[in-house]
$ cat entry-v2.txt   # compact mmCIF, C-alpha atoms and all ligand atoms
# COMPACT_ATOMS: atom_id res chain seq x y z
CA MET A 1 -21.25 0.53 5.49
CA LYS A 2 -19.03 2.89 3.50
CA ILE A 3 -19.63 2.99 -0.26
CA ARG A 4 -15.91 3.41 -0.92
CA LYS A 5 -13.10 1.61 0.91
CA PRO A 6 -11.88 4.01 3.62
CA ILE A 7 -8.33 5.31 3.46
CA VAL A 8 -6.42 6.68 6.44
CA ILE A 9 -3.12 8.47 5.90
CA ALA A 10 -0.70 9.63 8.57
CA ASN A 11 1.26 12.75 7.68
CA TRP A 12 4.19 12.96 10.07
CA LYS A 13 5.43 16.24 8.55
CA LEU A 14 8.92 17.09 9.90
CA ASN A 15 8.53 14.81 12.92
CA GLY A 16 9.36 11.31 13.99
CA GLY A 17 12.45 9.17 13.83
CA LEU A 18 13.50 5.54 13.84
CA ASP A 19 11.93 4.93 17.24
CA LEU A 20 8.54 6.11 16.07
CA ILE A 21 8.80 3.98 12.93
CA CYS A 22 9.54 0.84 14.96
CA VAL A 23 6.72 1.40 17.43
CA SER A 24 4.21 2.48 14.77
CA VAL A 25 4.86 -0.43 12.43
CA ALA A 26 4.96 -2.91 15.32
CA SER A 27 1.47 -1.85 16.40
CA PHE A 28 0.12 -2.79 12.94
CA ILE A 29 1.82 -6.18 12.62
CA GLY A 30 -0.57 -9.09 12.16
CA LYS A 31 -3.66 -6.87 12.10
CA HIS A 32 -6.14 -6.82 9.25
CA PHE A 33 -7.98 -3.67 8.17
CA ASN A 34 -10.90 -3.14 5.84
CA ALA A 35 -9.34 0.17 5.00
CA ASP A 36 -6.19 1.33 3.22
CA ILE A 37 -3.69 2.65 5.74
CA ALA A 38 -0.54 4.62 4.92
CA ILE A 39 2.14 6.51 6.78
CA CYS A 40 4.03 9.41 5.19
CA PRO A 41 7.28 9.73 7.15
CA PRO A 42 10.08 12.16 6.25
CA TYR A 43 11.79 10.88 3.06
CA ILE A 44 14.91 9.77 4.88
CA TYR A 45 12.97 7.10 6.82
CA MET A 46 11.09 5.52 3.93
CA ARG A 47 13.58 2.75 3.32
CA ASP A 48 13.80 2.00 7.04
CA MET A 49 10.05 1.72 7.14
CA MET A 50 10.01 -0.60 4.12
CA THR A 51 12.24 -3.13 5.87
CA PHE A 52 9.73 -3.39 8.74
CA LEU A 53 6.62 -3.57 6.62
CA GLN A 54 6.43 -7.14 5.42
CA PHE A 55 4.15 -8.39 8.21
CA SER A 56 1.73 -5.49 8.15
CA GLU A 57 -0.77 -4.06 5.71
CA LEU A 58 0.69 -0.58 6.00
CA HIS A 59 1.59 1.41 2.90
CA ILE A 60 4.20 4.13 2.62
CA GLY A 61 3.38 7.55 1.27
CA SER A 62 5.49 10.60 0.57
CA GLN A 63 4.71 14.11 1.80
CA ASN A 64 5.81 15.69 -1.47
CA VAL A 65 7.32 14.85 -4.85
CA SER A 66 9.38 16.71 -7.39
CA ARG A 67 7.69 18.02 -10.50
CA TYR A 68 10.88 17.03 -12.36
CA GLN A 69 11.98 13.57 -13.49
CA SER A 70 15.76 13.97 -13.12
CA GLY A 71 18.56 16.47 -13.61
CA ALA A 72 20.10 19.45 -11.82
CA TYR A 73 17.39 20.00 -9.20
CA THR A 74 19.19 20.01 -5.87
CA GLY A 75 17.18 18.66 -2.98
CA GLU A 76 14.42 17.09 -5.07
CA THR A 77 13.06 13.51 -5.09
CA SER A 78 11.34 12.19 -8.22
CA ALA A 79 8.19 10.10 -8.52
CA GLN A 80 10.23 7.30 -10.08
CA MET A 81 12.59 7.25 -7.08
CA LEU A 82 9.63 7.14 -4.71
CA LYS A 83 8.10 4.27 -6.64
CA GLN A 84 11.39 2.37 -6.53
CA ALA A 85 11.63 2.97 -2.79
CA GLY A 86 8.31 1.18 -2.32
CA CYS A 87 6.10 4.21 -1.94
CA SER A 88 2.40 3.82 -2.85
CA LEU A 89 1.04 7.35 -2.68
CA CYS A 90 2.10 11.01 -2.67
CA LEU A 91 0.58 13.99 -0.93
CA ILE A 92 0.54 16.94 -3.32
CA GLY A 93 -0.10 20.60 -2.49
CA HIS A 94 -0.43 20.29 1.26
CA SER A 95 -1.38 23.72 2.63
CA GLU A 96 1.98 23.99 4.38
CA ARG A 97 3.73 23.48 1.06
CA ARG A 98 1.47 26.04 -0.56
CA ALA A 99 1.88 28.63 2.21
CA ILE A 100 5.54 28.11 3.18
CA PHE A 101 7.12 26.83 -0.04
CA GLY A 102 5.03 28.75 -2.57
CA GLU A 103 3.43 25.79 -4.33
CA THR A 104 0.87 26.78 -6.92
CA ASN A 105 -2.12 25.03 -8.47
CA GLU A 106 -0.19 24.84 -11.73
CA GLY A 107 2.76 23.17 -9.98
CA CYS A 108 0.39 20.74 -8.25
CA ASN A 109 -1.09 19.87 -11.63
CA ILE A 110 2.34 18.93 -12.98
CA LYS A 111 2.99 16.83 -9.87
CA VAL A 112 -0.35 15.01 -10.12
CA ARG A 113 0.41 14.09 -13.71
CA THR A 114 3.95 12.98 -12.91
CA VAL A 115 2.75 10.81 -10.05
CA LEU A 116 0.02 9.20 -12.17
CA THR A 117 2.57 8.39 -14.85
CA HIS A 118 4.55 6.39 -12.30
CA ASP A 119 1.52 4.51 -10.98
CA LEU A 120 1.53 6.17 -7.60
CA LEU A 121 -1.68 7.42 -6.00
CA PRO A 122 -1.80 11.23 -5.96
CA VAL A 123 -3.55 12.79 -2.95
CA LEU A 124 -4.23 16.38 -3.93
CA CYS A 125 -4.70 18.55 -0.84
CA VAL A 126 -7.09 21.49 -1.00
CA GLY A 127 -8.66 23.78 1.57
CA GLU A 128 -9.52 27.34 2.46
CA ASN A 129 -7.93 29.44 5.18
CA GLN A 130 -9.72 31.23 8.01
CA GLN A 131 -10.10 34.54 6.17
CA GLU A 132 -11.48 32.81 3.10
CA ARG A 133 -14.03 30.90 5.16
CA GLU A 134 -15.09 34.10 6.95
CA ALA A 135 -15.35 35.89 3.60
CA ASN A 136 -17.62 33.09 2.39
CA VAL A 137 -15.39 32.19 -0.55
CA THR A 138 -14.61 28.57 0.41
CA GLU A 139 -16.23 27.16 -2.72
CA ASP A 140 -14.42 29.65 -4.99
CA VAL A 141 -11.06 28.68 -3.47
CA LEU A 142 -11.75 24.97 -3.78
CA TYR A 143 -13.11 25.37 -7.31
CA LYS A 144 -9.83 26.96 -8.43
CA GLN A 145 -7.63 24.47 -6.56
CA ILE A 146 -9.49 21.51 -8.05
CA ARG A 147 -10.02 22.82 -11.58
CA GLU A 148 -6.42 24.01 -11.96
CA GLY A 149 -4.85 21.19 -9.94
CA LEU A 150 -6.60 18.52 -12.01
CA ALA A 151 -6.63 20.26 -15.41
CA ASN A 152 -6.07 18.06 -18.47
CA ILE A 153 -5.85 14.84 -16.53
CA ASN A 154 -7.21 11.56 -17.84
CA LEU A 155 -8.40 9.30 -15.03
CA ASP A 156 -9.49 6.31 -17.10
CA GLY A 157 -8.07 3.32 -15.28
CA LYS A 158 -6.31 5.60 -12.78
CA ASP A 159 -7.01 6.41 -9.15
CA LEU A 160 -6.66 9.68 -7.31
CA CYS A 161 -7.70 11.10 -3.94
CA ILE A 162 -8.58 14.59 -2.82
CA ALA A 163 -7.84 15.60 0.76
CA TYR A 164 -9.96 18.45 2.06
CA GLU A 165 -7.90 20.13 4.75
CA PRO A 166 -9.32 23.45 5.90
CA VAL A 167 -6.25 25.45 6.95
CA TRP A 168 -8.07 26.78 10.02
CA ALA A 169 -8.49 23.22 11.30
CA ILE A 170 -4.88 22.09 10.86
CA GLY A 171 -3.06 21.73 14.16
CA THR A 172 -5.60 23.90 15.96
CA GLY A 173 -7.68 21.24 17.71
CA LEU A 174 -10.70 22.76 15.93
CA ALA A 175 -11.80 20.12 13.44
CA ALA A 176 -14.51 20.94 10.93
CA THR A 177 -17.89 19.76 12.12
CA PRO A 178 -19.20 16.65 10.36
CA THR A 179 -21.81 18.85 8.69
CA ILE A 180 -19.22 21.25 7.28
CA ALA A 181 -17.03 18.34 6.15
CA GLN A 182 -19.97 16.66 4.38
CA GLU A 183 -21.08 19.92 2.70
CA VAL A 184 -17.60 20.59 1.36
CA HIS A 185 -16.96 16.99 0.32
CA GLN A 186 -20.25 16.98 -1.57
CA PHE A 187 -19.17 20.15 -3.36
CA ILE A 188 -15.81 18.58 -4.22
CA ARG A 189 -17.49 15.44 -5.59
CA ALA A 190 -19.77 17.59 -7.72
CA GLN A 191 -16.69 19.26 -9.23
CA LEU A 192 -15.14 15.86 -9.90
CA ALA A 193 -18.37 14.69 -11.56
CA ASP A 194 -18.36 17.78 -13.75
CA MET A 195 -14.77 17.22 -14.78
CA PHE A 196 -14.58 13.42 -15.05
CA GLY A 197 -18.18 12.16 -15.14
CA HIS A 198 -20.32 10.59 -12.41
CA GLU A 199 -18.87 7.11 -12.60
CA ILE A 200 -15.32 8.27 -11.90
CA ALA A 201 -16.44 10.87 -9.32
CA ASN A 202 -18.33 8.16 -7.43
CA ARG A 203 -15.28 5.94 -7.12
CA LEU A 204 -12.72 8.63 -6.15
CA ARG A 205 -12.10 8.97 -2.43
CA ILE A 206 -12.22 12.31 -0.65
CA LEU A 207 -10.38 12.50 2.67
CA TYR A 208 -10.88 14.98 5.47
CA GLY A 209 -7.88 16.36 7.40
CA GLY A 210 -7.54 18.90 10.20
CA SER A 211 -7.42 18.02 13.91
CA VAL A 212 -8.64 14.47 13.36
CA ASN A 213 -8.43 12.33 16.49
CA LYS A 214 -9.87 9.08 17.82
CA ILE A 215 -12.84 10.96 19.31
CA ASN A 216 -14.05 12.67 16.11
CA THR A 217 -13.08 9.89 13.67
CA ARG A 218 -16.42 8.10 13.76
CA GLU A 219 -18.67 11.13 13.27
CA LEU A 220 -16.53 12.39 10.40
CA LEU A 221 -16.35 9.03 8.64
CA GLU A 222 -20.07 8.47 9.08
CA GLN A 223 -20.66 11.26 6.57
CA LYS A 224 -21.59 9.92 3.15
CA ASP A 225 -18.86 11.71 1.20
CA VAL A 226 -16.08 11.46 3.78
CA ASP A 227 -14.13 8.46 2.53
CA GLY A 228 -11.01 8.76 4.61
CA LEU A 229 -8.85 10.82 6.91
CA LEU A 230 -5.51 12.60 6.69
CA VAL A 231 -4.08 12.70 10.19
CA GLY A 232 -1.28 14.96 11.42
CA GLY A 233 -0.58 15.34 15.14
CA ALA A 234 -2.60 12.32 16.30
CA SER A 235 -0.61 10.02 14.00
CA LEU A 236 2.56 10.69 16.00
CA ASP A 237 1.08 8.63 18.83
CA PRO A 238 1.04 5.02 17.49
CA GLY A 239 -1.75 3.84 19.82
CA HIS A 240 -3.90 6.83 18.93
CA PHE A 241 -3.34 6.36 15.19
CA LEU A 242 -4.14 2.65 15.48
CA ALA A 243 -7.44 3.50 17.22
CA ILE A 244 -8.36 5.83 14.34
CA CYS A 245 -7.52 3.13 11.77
CA GLN A 246 -9.50 0.48 13.64
CA GLN A 247 -12.59 2.68 13.68
CA ALA A 248 -12.23 3.35 9.96
CA SER A 249 -11.95 -0.38 9.35
CA GLU A 250 -15.05 -1.13 11.46
CA LEU A 251 -17.10 1.52 9.68
CA ALA A 252 -16.14 0.03 6.33
CA VAL A 253 -18.10 -3.10 7.04
CA SER A 254 -20.71 -2.11 9.64
P1 LIG B 1 -3.43 17.87 12.29
O1 LIG B 1 -4.11 16.53 12.28
O2 LIG B 1 -2.27 17.96 13.23
O3 LIG B 1 -4.41 18.99 12.42
O4 LIG B 1 -2.75 18.04 10.83
C1 LIG B 1 -3.53 17.82 9.71
C2 LIG B 1 -2.67 17.78 8.53
O5 LIG B 1 -2.10 18.78 8.11
C3 LIG B 1 -2.47 16.48 7.88
O6 LIG B 1 -1.89 16.61 6.62
$ encode --input "entry-v2.txt" --output "structure tokens" --more "lines below"
Ligand code: 13P
Amino acid sequence: MKIRKPIVIANWKLNGGLDLICVSVASFIGKHFNADIAICPPYIYMRDMMTFLQFSELHIGSQNVSRYQSGAYTGETSAQMLKQAGCSLCLIGHSERRAIFGETNEGCNIKVRTVLTHDLLPVLCVGENQQEREANVTEDVLYKQIREGLANINLDGKDLCIAYEPVWAIGTGLAATPTIAQEVHQFIRAQLADMFGHEIANRLRILYGGSVNKINTRELLEQKDVDGLLVGGASLDPGHFLAICQQASELAVS
């Protein structure tokens, strides 16, 4: 049985449309899960998804959030707007946003704080790239991402998730082995304990992401410190995503 309630999040990235929303939500209707399940569609589909959600336990997440509250920031969406749209959680600092859109640890820190202020669940994404893993600096990279991303944050009464997504595993079909995932998650939890104390570190959930599918779900989630999954490509197939969520739910109670 998992110590912490599993959480499975689908990150659709710049994919999907109304058809996928209908089929995905329909496959969850009337089903109960012992896990928190969320889908992060492109912003434009959030409201459409909300209208279909009332008979399912699905939550809606956003793939990003503005660091600003309001004003002359063309193209941005604030945490308050996301909250009003029915969103429950926000991904922050996904590696694609870091690599393609120049997001920094400092910017992620502002976003985490903004999201917490609006009672949304921040999911801070961290992870090393291939060169960093080969150069044996994975822990240094994660240390900086976590320390700077979570600097000056008070988590009393607040929840937060970390998603470990090794860049070399994203979209490559080469998921981290369960052993690597556990080692890294343990390291991340130790950092959280150092920053926030053991009690808080023991309740925060750490997700793994990177080529997750219905075949490797079980072995990854069986690891003590793997509390959930962040799923990209496999979440675009509703039946496949459902199978991942069902396994997470079973592991929660078995
Ligand atoms: P894949 O599951 O397609 O590797 O993507 C992982 C990811 O980036 C989820 O945020």
$ closest_atom_pairs --input "entry-v2.txt" --of "stretch 135-191 of chain A" --to "stretch 103-107 of chain A" --cutoff "9 Å" --atoms "all atoms listed in the file" --output "Markdown table"
| residue | atom | partner | partner_atom | distance |
| --- | --- | --- | --- | --- |
| A:Lys144 | CA | A:Asn105 | CA | 7.9 |
| A:Gln145 | CA | A:Asn105 | CA | 5.9 |
| A:Ile146 | CA | A:Asn105 | CA | 8.2 |
| A:Arg147 | CA | A:Asn105 | CA | 8.8 |
| A:Glu148 | CA | A:Asn105 | CA | 5.6 |
| A:Gly149 | CA | A:Asn105 | CA | 4.9 |
| A:Leu150 | CA | A:Asn105 | CA | 8.7 |
| A:Ala151 | CA | A:Glu106 | CA | 8.7 |
$ residues_around --input "entry-v2.txt" --residues "A:Leu53" --least-positions-apart "3" --cutoff "12 Å" --atoms "only C-alpha atoms" --output "ChimeraX atom specification"
/A:21-30,38-39,46-50,56-60,86-87
$ closest_atom_pairs --input "entry-v2.txt" --of "chain A" --to "ligand LIG 1 (chain B)" --cutoff "8 Å" --atoms "only C-alpha atoms and all ligand atoms" --output "tab-separated table"
residue	atom	partner	partner_atom	distance
A:Ala10	CA	B:LIG1	C3	7.1
A:Asn11	CA	B:LIG1	O6	5.1
A:Trp12	CA	B:LIG1	C3	7.8
A:Lys13	CA	B:LIG1	O6	7.6
A:His94	CA	B:LIG1	O6	6.7
A:Ser95	CA	B:LIG1	O5	7.4
A:Glu96	CA	B:LIG1	O5	7.6
A:Glu165	CA	B:LIG1	O5	6.8
A:Val167	CA	B:LIG1	O5	7.9
A:Ala169	CA	B:LIG1	O3	6.0
A:Ile170	CA	B:LIG1	O3	3.5
A:Gly171	CA	B:LIG1	O3	3.5
A:Thr172	CA	B:LIG1	O3	6.2
A:Gly173	CA	B:LIG1	O3	6.6
A:Ala175	CA	B:LIG1	O3	7.5
A:Gly209	CA	B:LIG1	C1	5.1
A:Gly210	CA	B:LIG1	O3	3.8
A:Ser211	CA	B:LIG1	O3	3.5
A:Val212	CA	B:LIG1	O1	5.1
A:Asn213	CA	B:LIG1	O1	7.4
A:Leu230	CA	B:LIG1	C3	5.1
A:Val231	CA	B:LIG1	O1	4.4
A:Gly232	CA	B:LIG1	O1	3.3
A:Gly233	CA	B:LIG1	O2	3.7
A:Ala234	CA	B:LIG1	O1	6.0
A:Ser235	CA	B:LIG1	O1	7.6
$ residues_around --input "entry-v2.txt" --residues "A:Asp194" --least-positions-apart "5" --cutoff "12 Å" --atoms "all atoms listed in the file" --output "number ranges by chain"
A: 143, 146-147, 150, 187-189, 199-202
$ atom_distance --input "entry-v2.txt" --atom1 "atom CA of A:Ile37" --atom2 "atom CA of A:Ile7"
5.8 Å
$ atom_distance --input "entry-v2.txt" --atom1 "atom CA of A:Arg205" --atom2 "atom CA of A:Leu82"
21.9 Å
$ closest_residue --input "entry-v2.txt" --among "A:Cys90, A:Val8, A:Ile3, A:Leu192" --to "A:Ser249" --atoms "only C-alpha atoms"
A:Val8
$ decode --input "entry-v2.txt" --residues "stretch 232-243 of chain A" --atoms "all heavy atoms" --output "tab-separated table (two decimals), in the first residue's frame"
chain	number	residue	atom	x	y	z
A	232	GLY	N	3.00	11.98	-20.47
A	232	GLY	CA	2.88	12.76	-21.71
A	232	GLY	C	2.18	11.94	-22.79
A	232	GLY	O	0.96	11.77	-22.79
A	233	GLY	N	2.98	11.40	-23.70
A	233	GLY	CA	2.45	10.71	-24.88
A	233	GLY	C	1.36	9.69	-24.59
A	233	GLY	O	0.32	9.67	-25.27
A	234	ALA	N	1.54	8.86	-23.58
A	234	ALA	CA	0.57	7.79	-23.30
A	234	ALA	C	-0.79	8.34	-22.85
A	234	ALA	O	-1.80	7.65	-22.95
A	234	ALA	CB	1.12	6.82	-22.25
A	235	SER	N	-0.81	9.60	-22.40
A	235	SER	CA	-2.09	10.16	-21.93
A	235	SER	C	-2.96	10.62	-23.09
A	235	SER	O	-4.13	10.97	-22.89
A	235	SER	CB	-1.84	11.32	-20.96
A	235	SER	OG	-1.36	12.46	-21.64
A	236	LEU	N	-2.40	10.63	-24.29
A	236	LEU	CA	-3.19	11.04	-25.46
A	236	LEU	C	-4.05	9.89	-25.99
A	236	LEU	O	-4.85	10.06	-26.91
A	236	LEU	CB	-2.26	11.56	-26.57
A	236	LEU	CG	-1.46	12.82	-26.19
A	236	LEU	CD1	-0.43	13.15	-27.26
A	236	LEU	CD2	-2.39	14.00	-25.96
A	237	ASP	N	-3.84	8.71	-25.43
A	237	ASP	CA	-4.67	7.55	-25.75
A	237	ASP	C	-5.54	7.29	-24.51
A	237	ASP	O	-5.04	6.81	-23.48
A	237	ASP	CB	-3.76	6.35	-26.05
A	237	ASP	CG	-4.54	5.06	-26.24
A	237	ASP	OD1	-5.71	4.98	-25.79
A	237	ASP	OD2	-3.98	4.12	-26.80
A	238	PRO	N	-6.83	7.64	-24.55
A	238	PRO	CA	-7.67	7.56	-23.34
A	238	PRO	C	-7.66	6.19	-22.68
A	238	PRO	O	-7.59	6.09	-21.45
A	238	PRO	CB	-9.07	7.92	-23.86
A	238	PRO	CG	-8.82	8.74	-25.07
A	238	PRO	CD	-7.58	8.19	-25.71
A	239	GLY	N	-7.71	5.11	-23.46
A	239	GLY	CA	-7.72	3.77	-22.87
A	239	GLY	C	-6.41	3.49	-22.15
A	239	GLY	O	-6.37	2.89	-21.07
A	240	HIS	N	-5.33	3.92	-22.75
A	240	HIS	CA	-4.00	3.71	-22.17
A	240	HIS	C	-3.86	4.50	-20.87
A	240	HIS	O	-3.40	3.98	-19.84
A	240	HIS	CB	-2.94	4.17	-23.19
A	240	HIS	CG	-1.57	3.66	-22.91
A	240	HIS	ND1	-0.73	3.17	-23.88
A	240	HIS	CD2	-0.88	3.54	-21.76
A	240	HIS	CE1	0.40	2.80	-23.34
A	240	HIS	NE2	0.34	3.01	-22.04
A	241	PHE	N	-4.30	5.76	-20.90
A	241	PHE	CA	-4.21	6.59	-19.69
A	241	PHE	C	-5.08	6.01	-18.57
A	241	PHE	O	-4.66	5.94	-17.41
A	241	PHE	CB	-4.61	8.04	-20.01
A	241	PHE	CG	-4.44	8.96	-18.84
A	241	PHE	CD1	-3.19	9.13	-18.24
A	241	PHE	CD2	-5.52	9.67	-18.30
A	241	PHE	CE1	-3.01	9.97	-17.14
A	241	PHE	CE2	-5.35	10.51	-17.20
A	241	PHE	CZ	-4.10	10.66	-16.63
A	242	LEU	N	-6.26	5.54	-18.93
A	242	LEU	CA	-7.15	4.93	-17.93
A	242	LEU	C	-6.47	3.72	-17.28
A	242	LEU	O	-6.52	3.54	-16.06
A	242	LEU	CB	-8.47	4.51	-18.60
A	242	LEU	CG	-9.51	3.88	-17.70
A	242	LEU	CD1	-10.00	4.86	-16.64
A	242	LEU	CD2	-10.71	3.39	-18.52
A	243	ALA	N	-5.79	2.90	-18.10
A	243	ALA	CA	-5.11	1.72	-17.56
A	243	ALA	C	-4.01	2.12	-16.56
A	243	ALA	O	-3.82	1.47	-15.53
A	243	ALA	CB	-4.51	0.89	-18.71
